[in-house]
Amino acid sequence: MPEPEGPIGPADASRVPRFSGLATFARLPALDQVPRWDIAVVGVPFDGGTSYRPGARFGPAAVRQGSRLLRPYNPALDALPFELAQVVDAGDIACTPFSAEEAVGQIEAGADALLAGGGRLVAIGGDHTIALPLLRATARRHGPLALVHFDAHLDTWDTYFGQRFTHGTPFRRAWEEGLLLHDHSAHVGLRGPLYSDADLTDDLSMGFAQLTTDHVATHGVAEVVRRVLARVGDAPVYISVDIDVLDPAHAPGTGTPEAGGLTSRELLALVRGLRPAAVVGGDVVEVSPAYDHAEITAIAAAHVLYDLVTIMASPGPA
C-alpha cells in the first residue's frame with residue numbers, strides 16, 4: 001500500500017459520529033496506523049506521587065474522552081495543526097503504581113523509546129511526578145531546557161514524608177540534575193498558602209521567575225506573555241501545565257485545588273502566546289476525573305493540550 005501524501009488527520013466526524021469509536025486524543029490515528037510521526041500525544045497514568053486527592057491515573061482516559069469534540073482548524077492560532085504535522089496518539093506508558101522512584105525510571109525509558117523516532121512528545125498525566133522523567137528524556141535530546149510551568153504550586157520542594165520523588169518535587173530534582181537552564185524558567189499562576197516564606201526564596205535561588213495569578217490579573221495576559229518570552233529567549237522550551245493553575249470553578253477535578261486561579265480563557269491565551277518560543281515538549285497533568293463534573297476539567301485540559309500541539313506544529317516567527 002502506498003504511503004499517504006500528507007499527514008493522516010482525525011476521523012471524519014461527518015462519517016463517524018464523535019461519540020463513537022475508540023477515544024484517541026482528538027480522534028487522531030494511533031501510533032501503529034501511520035508510517036511516521038512528528039508529534040505524539042502519550043498518556044502517563046501514574047498518580048503514586050500525589051499528596052492529597054488521588055485519581056490522576058485516570059486522567060489520560062478522561063482527557064481523551066474530553067477531546068472528542070476538538071476540530072481540525074484552530075482559529076485562535078489560524079492553523080490546521082493536523083495538516084502541518086503528523087500527530088498521533090501513542091497510547092500510554094505503562095509503569096508501576098507502587099513505587100514512585102521505579103515508575104520515574106520506567107516513564108523515562110518509555111519516553112526515550114518514543115523520542116528515538118525523532119519526533120516530540122506531549123504527555124497527559126498522571127500527577128506532576130511524571131514531569132521529571134519527561135524532562136530527562138527531552139533534555140537528553142535537546143540539551144538543558146527553559147521551563148514554563150503553569151501551576152498553583154511551586155513544585156520545587158525537597159522532599160515530602162522523606163520521599164524525593166513526588167508531585168511537589170519534580171522541578172527541584174530537574175534543577176539538581178542540570179536539566180534546566182538557570183534564569184530561563186518561570187512559574188505562572190502561583191497562589192495559595194505555603195509552609196513558609198523560605199519556599200519562595202529557596203525557589204528563587206534555583207533561578208525561577210515567580211508570576212502569581214494576581215500578577216496576571218493586575219498586568220494582563222499580554223504583559224505576562226512578554227515577560228515569559230523574554231525570559232526563555234531562543235532556548236528549547238518545555239511547557240508543563242498543572243490543571244490546578246485554573247480556578248476550581250474551571251477545574252474542579254484535580255488533586256490539590258486552590259481558590260483564586262486563572263480562568264480557562266486566561267490559560268489558553270497564555271499558552272497560545274508562547275507560539276514564538278521553540279517548544280520541544282510538554283505535558284498537561286493532575287486531571288482527576290473522580291472529582292470532575294460534566295467533564296469540565298477534562299475538556300479544559302483537552303483544549304490546553306490542543307493548543308500545545310498547535311504551537312508545536314506551527315511555530316510562529318522567532
# chains A, B, ... in the order shown; residues from 1 in each chain; ligands from 1

$ residues_around --residues "region 292-305 of chain A" --least-positions-apart "2" --cutoff "10 Å" --atoms "only C-alpha atoms" --output "NGL selection string"
:A and (25-26 or 41 or 59-70 or 122-124 or 241-244 or 246 or 248-254 or 263-265 or 267-269 or 271-272 or 282-290 or 307-310)

$ atom_distance --atom1 "CA of Arg172 (chain A)" --atom2 "CA of Trp157 (chain A)"
6.5 Å

$ select_by_dssp --residues "region 132-254 of chain A" --states "alpha helix (DSSP H)" --output "tab-separated table (two decimals) with N, CA and C atoms, in the first residue's frame"
chain	number	residue	atom	x	y	z
A	132	LEU	N	9.36	14.99	35.69
A	132	LEU	CA	10.80	14.77	35.83
A	132	LEU	C	11.34	13.80	34.78
A	133	PRO	N	10.78	12.59	34.63
A	133	PRO	CA	11.32	11.70	33.60
A	133	PRO	C	11.13	12.23	32.18
A	134	LEU	N	10.06	12.99	31.95
A	134	LEU	CA	9.86	13.56	30.62
A	134	LEU	C	10.89	14.65	30.34
A	135	LEU	N	11.22	15.45	31.35
A	135	LEU	CA	12.29	16.44	31.19
A	135	LEU	C	13.64	15.77	30.95
A	136	ARG	N	13.90	14.68	31.65
A	136	ARG	CA	15.15	13.96	31.43
A	136	ARG	C	15.27	13.50	29.97
A	137	ALA	N	14.21	12.89	29.47
A	137	ALA	CA	14.24	12.37	28.10
A	137	ALA	C	14.32	13.50	27.08
A	138	THR	N	13.61	14.59	27.33
A	138	THR	CA	13.62	15.72	26.39
A	138	THR	C	14.97	16.43	26.40
A	139	ALA	N	15.54	16.63	27.59
A	139	ALA	CA	16.85	17.29	27.68
A	139	ALA	C	17.95	16.43	27.09
A	140	ARG	N	17.81	15.13	27.15
A	140	ARG	CA	18.80	14.25	26.54
A	140	ARG	C	18.88	14.49	25.04
A	141	ARG	N	17.80	14.89	24.45
A	141	ARG	CA	17.76	15.12	23.01
A	141	ARG	C	18.06	16.57	22.63
A	142	HIS	N	17.61	17.52	23.48
A	142	HIS	CA	17.70	18.94	23.10
A	142	HIS	C	18.68	19.74	23.96
A	170	PRO	N	9.27	17.65	41.45
A	170	PRO	CA	9.95	17.32	40.19
A	170	PRO	C	10.92	18.38	39.69
A	171	PHE	N	10.62	19.66	39.95
A	171	PHE	CA	11.46	20.68	39.35
A	171	PHE	C	12.70	20.99	40.20
A	172	ARG	N	12.67	20.64	41.48
A	172	ARG	CA	13.92	20.67	42.24
A	172	ARG	C	14.85	19.58	41.75
A	173	ARG	N	14.32	18.38	41.52
A	173	ARG	CA	15.16	17.30	41.00
A	173	ARG	C	15.71	17.68	39.63
A	174	ALA	N	14.87	18.28	38.78
A	174	ALA	CA	15.32	18.69	37.44
A	174	ALA	C	16.42	19.73	37.53
A	175	TRP	N	16.28	20.69	38.45
A	175	TRP	CA	17.32	21.70	38.64
A	175	TRP	C	18.60	21.06	39.14
A	176	GLU	N	18.51	20.16	40.12
A	176	GLU	CA	19.68	19.49	40.66
A	176	GLU	C	20.42	18.69	39.59
A	198	ALA	N	10.30	30.77	53.17
A	198	ALA	CA	11.51	30.11	52.67
A	198	ALA	C	11.22	29.33	51.39
A	199	ASP	N	9.96	28.88	51.22
A	199	ASP	CA	9.61	28.18	49.98
A	199	ASP	C	9.87	29.07	48.77
A	200	LEU	N	9.54	30.34	48.90
A	200	LEU	CA	9.72	31.28	47.79
A	200	LEU	C	11.19	31.62	47.58
A	201	THR	N	11.91	31.91	48.65
A	201	THR	CA	13.32	32.28	48.49
A	201	THR	C	14.15	31.09	48.02
A	202	ASP	N	13.82	29.89	48.48
A	202	ASP	CA	14.51	28.69	48.02
A	202	ASP	C	14.30	28.49	46.52
A	203	ASP	N	13.07	28.71	46.08
A	203	ASP	CA	12.73	28.57	44.66
A	203	ASP	C	13.48	29.62	43.83
A	204	LEU	N	13.54	30.85	44.31
A	204	LEU	CA	14.26	31.90	43.58
A	204	LEU	C	15.74	31.57	43.42
A	205	SER	N	16.31	30.89	44.41
A	205	SER	CA	17.73	30.54	44.33
A	205	SER	C	18.01	29.53	43.23
A	213	THR	N	-1.06	34.49	40.12
A	213	THR	CA	-2.34	34.76	39.50
A	213	THR	C	-2.70	36.23	39.63
A	214	ASP	N	-2.38	36.83	40.78
A	214	ASP	CA	-2.64	38.27	40.96
A	214	ASP	C	-1.85	39.10	39.95
A	215	HIS	N	-0.63	38.65	39.62
A	215	HIS	CA	0.16	39.36	38.62
A	215	HIS	C	-0.55	39.32	37.27
A	216	VAL	N	-1.10	38.17	36.92
A	216	VAL	CA	-1.84	38.07	35.64
A	216	VAL	C	-3.04	39.00	35.67
A	217	ALA	N	-3.76	39.02	36.81
A	217	ALA	CA	-4.95	39.87	36.91
A	217	ALA	C	-4.60	41.35	36.84
A	218	THR	N	-3.49	41.74	37.45
A	218	THR	CA	-3.11	43.16	37.51
A	218	THR	C	-2.50	43.66	36.20
A	219	HIS	N	-1.60	42.86	35.63
A	219	HIS	CA	-0.83	43.32	34.47
A	219	HIS	C	-1.36	42.80	33.13
A	221	VAL	N	-2.66	39.40	30.44
A	221	VAL	CA	-2.05	38.26	29.76
A	221	VAL	C	-0.90	38.69	28.85
A	222	ALA	N	-1.08	39.76	28.09
A	222	ALA	CA	-0.07	40.17	27.11
A	222	ALA	C	1.26	40.49	27.80
A	223	GLU	N	1.21	41.17	28.94
A	223	GLU	CA	2.44	41.53	29.65
A	223	GLU	C	3.11	40.28	30.23
A	224	VAL	N	2.32	39.34	30.74
A	224	VAL	CA	2.90	38.10	31.27
A	224	VAL	C	3.56	37.31	30.14
A	225	VAL	N	2.91	37.22	29.01
A	225	VAL	CA	3.50	36.52	27.85
A	225	VAL	C	4.80	37.20	27.44
A	226	ARG	N	4.81	38.53	27.42
A	226	ARG	CA	6.03	39.25	27.04
A	226	ARG	C	7.18	38.91	27.99
A	227	ARG	N	6.89	38.89	29.28
A	227	ARG	CA	7.92	38.58	30.26
A	227	ARG	C	8.44	37.16	30.12
A	228	VAL	N	7.53	36.23	29.90
A	228	VAL	CA	7.94	34.82	29.79
A	228	VAL	C	8.77	34.61	28.53
A	229	LEU	N	8.33	35.19	27.41
A	229	LEU	CA	9.09	35.03	26.16
A	229	LEU	C	10.48	35.65	26.28
A	230	ALA	N	10.57	36.79	26.95
A	230	ALA	CA	11.88	37.41	27.14
A	230	ALA	C	12.77	36.53	28.00
A	231	ARG	N	12.17	35.84	28.95
A	231	ARG	CA	12.95	35.00	29.85
A	231	ARG	C	13.47	33.75	29.16
A	232	VAL	N	12.63	33.09	28.36
A	232	VAL	CA	13.07	31.84	27.72
A	232	VAL	C	13.98	32.11	26.53

$ select_by_dssp --residues "region 60-168 of chain A" --states "strand (DSSP E or B)" --output "mmCIF file with N, CA and C atoms, in the first residue's frame"
data_model
loop_
_atom_site.group_PDB
_atom_site.id
_atom_site.type_symbol
_atom_site.label_atom_id
_atom_site.label_comp_id
_atom_site.auth_asym_id
_atom_site.auth_seq_id
_atom_site.Cartn_x
_atom_site.Cartn_y
_atom_site.Cartn_z
ATOM 1 N N ASN A 74 -7.734 25.388 14.159
ATOM 2 C CA ASN A 74 -7.603 26.168 15.385
ATOM 3 C C ASN A 74 -7.665 27.644 15.012
ATOM 4 N N ALA A 79 -4.445 28.010 12.372
ATOM 5 C CA ALA A 79 -3.608 26.877 11.966
ATOM 6 C C ALA A 79 -4.436 25.599 11.883
ATOM 7 N N VAL A 87 0.413 14.107 13.700
ATOM 8 C CA VAL A 87 0.183 13.962 15.134
ATOM 9 C C VAL A 87 -0.512 12.634 15.371
ATOM 10 N N VAL A 88 -0.048 11.911 16.389
ATOM 11 C CA VAL A 88 -0.609 10.594 16.690
ATOM 12 C C VAL A 88 -0.877 10.480 18.182
ATOM 13 N N ASP A 89 -1.705 9.505 18.508
ATOM 14 C CA ASP A 89 -1.885 9.105 19.895
ATOM 15 C C ASP A 89 -1.040 7.857 20.106
ATOM 16 N N ALA A 90 -0.046 7.971 20.981
ATOM 17 C CA ALA A 90 0.898 6.866 21.203
ATOM 18 C C ALA A 90 0.481 5.944 22.340
ATOM 19 N N GLY A 91 -0.766 6.051 22.780
ATOM 20 C CA GLY A 91 -1.204 5.196 23.876
ATOM 21 C C GLY A 91 -0.602 5.647 25.193
ATOM 22 N N ASP A 92 -0.428 4.721 26.112
ATOM 23 C CA ASP A 92 0.073 5.042 27.449
ATOM 24 C C ASP A 92 1.427 4.398 27.704
ATOM 25 N N ARG A 120 8.500 14.735 18.722
ATOM 26 C CA ARG A 120 8.371 15.424 20.008
ATOM 27 C C ARG A 120 7.137 14.889 20.730
ATOM 28 N N LEU A 121 7.149 14.998 22.071
ATOM 29 C CA LEU A 121 6.082 14.424 22.884
ATOM 30 C C LEU A 121 5.298 15.500 23.620
ATOM 31 N N VAL A 122 4.008 15.260 23.744
ATOM 32 C CA VAL A 122 3.150 15.982 24.675
ATOM 33 C C VAL A 122 2.441 14.926 25.507
ATOM 34 N N ALA A 123 2.603 14.986 26.825
ATOM 35 C CA ALA A 123 2.087 13.936 27.696
ATOM 36 C C ALA A 123 0.819 14.377 28.409
ATOM 37 N N ILE A 124 -0.036 13.387 28.705
ATOM 38 C CA ILE A 124 -1.206 13.595 29.550
ATOM 39 C C ILE A 124 -0.975 12.819 30.841
ATOM 40 N N GLY A 125 -0.969 13.556 31.981
ATOM 41 C CA GLY A 125 -0.817 12.863 33.263
ATOM 42 C C GLY A 125 -2.152 12.404 33.786
ATOM 43 N N LEU A 145 16.981 22.835 29.254
ATOM 44 C CA LEU A 145 15.735 23.412 28.782
ATOM 45 C C LEU A 145 15.332 24.649 29.578
ATOM 46 N N ALA A 146 14.556 25.504 28.942
ATOM 47 C CA ALA A 146 13.796 26.528 29.650
ATOM 48 C C ALA A 146 12.440 25.926 29.973
ATOM 49 N N LEU A 147 12.001 26.086 31.209
ATOM 50 C CA LEU A 147 10.729 25.521 31.644
ATOM 51 C C LEU A 147 9.715 26.632 31.862
ATOM 52 N N VAL A 148 8.545 26.508 31.236
ATOM 53 C CA VAL A 148 7.412 27.369 31.537
ATOM 54 C C VAL A 148 6.389 26.497 32.249
ATOM 55 N N HIS A 149 6.174 26.813 33.518
ATOM 56 C CA HIS A 149 5.421 25.940 34.421
ATOM 57 C C HIS A 149 4.159 26.660 34.885
ATOM 58 N N PHE A 150 3.000 26.217 34.410
ATOM 59 C CA PHE A 150 1.711 26.772 34.821
ATOM 60 C C PHE A 150 1.185 25.936 35.989
ATOM 61 N N TYR A 160 8.936 15.094 50.555
ATOM 62 C CA TYR A 160 7.637 15.060 51.195
ATOM 63 C C TYR A 160 7.519 13.719 51.889
ATOM 64 N N GLN A 163 10.252 11.484 50.975
ATOM 65 C CA GLN A 163 10.334 10.961 49.606
ATOM 66 C C GLN A 163 10.821 12.041 48.651
#

$ atom_distance --atom1 "CA of Asp12 (chain A)" --atom2 "CA of Pro72 (chain A)"
9.9 Å

$ atom_distance --atom1 "CA of Arg53 (chain A)" --atom2 "CA of Glu102 (chain A)"
21.4 Å

$ closest_residue --among "A:Arg36, A:His153, A:His167, A:His182" --to "Gly119 (chain A)" --atoms "only C-alpha atoms"
A:Arg36

$ closest_residue --among "A:Leu84, A:Leu180, A:Leu114, A:Ala11" --to "Ser314 (chain A)" --atoms "only C-alpha atoms"
A:Leu84

$ closest_residue --among "A:Pro10, A:Gly117, A:Ala277, A:Pro236" --to "Leu80 (chain A)" --atoms "only C-alpha atoms"
A:Pro10

$ decode --residues "region 193-207 of chain A" --atoms "C-alpha atoms" --output "PDB file, in the first residue's frame"
ATOM      1  CA  PRO A 193      -0.721  29.248  51.303  1.00  0.00           C
ATOM      2  CA  LEU A 194       2.831  27.964  51.710  1.00  0.00           C
ATOM      3  CA  TYR A 195       4.746  26.298  54.541  1.00  0.00           C
ATOM      4  CA  SER A 196       6.870  29.437  54.992  1.00  0.00           C
ATOM      5  CA  ASP A 197       8.400  32.302  53.018  1.00  0.00           C
ATOM      6  CA  ALA A 198      11.509  30.113  52.666  1.00  0.00           C
ATOM      7  CA  ASP A 199       9.606  28.182  49.978  1.00  0.00           C
ATOM      8  CA  LEU A 200       9.723  31.279  47.792  1.00  0.00           C
ATOM      9  CA  THR A 201      13.323  32.279  48.495  1.00  0.00           C
ATOM     10  CA  ASP A 202      14.507  28.690  48.015  1.00  0.00           C
ATOM     11  CA  ASP A 203      12.735  28.574  44.663  1.00  0.00           C
ATOM     12  CA  LEU A 204      14.258  31.900  43.581  1.00  0.00           C
ATOM     13  CA  SER A 205      17.735  30.539  44.329  1.00  0.00           C
ATOM     14  CA  MET A 206      17.099  27.898  41.663  1.00  0.00           C
ATOM     15  CA  GLY A 207      16.612  30.591  39.040  1.00  0.00           C
TER      16      GLY A 207
END
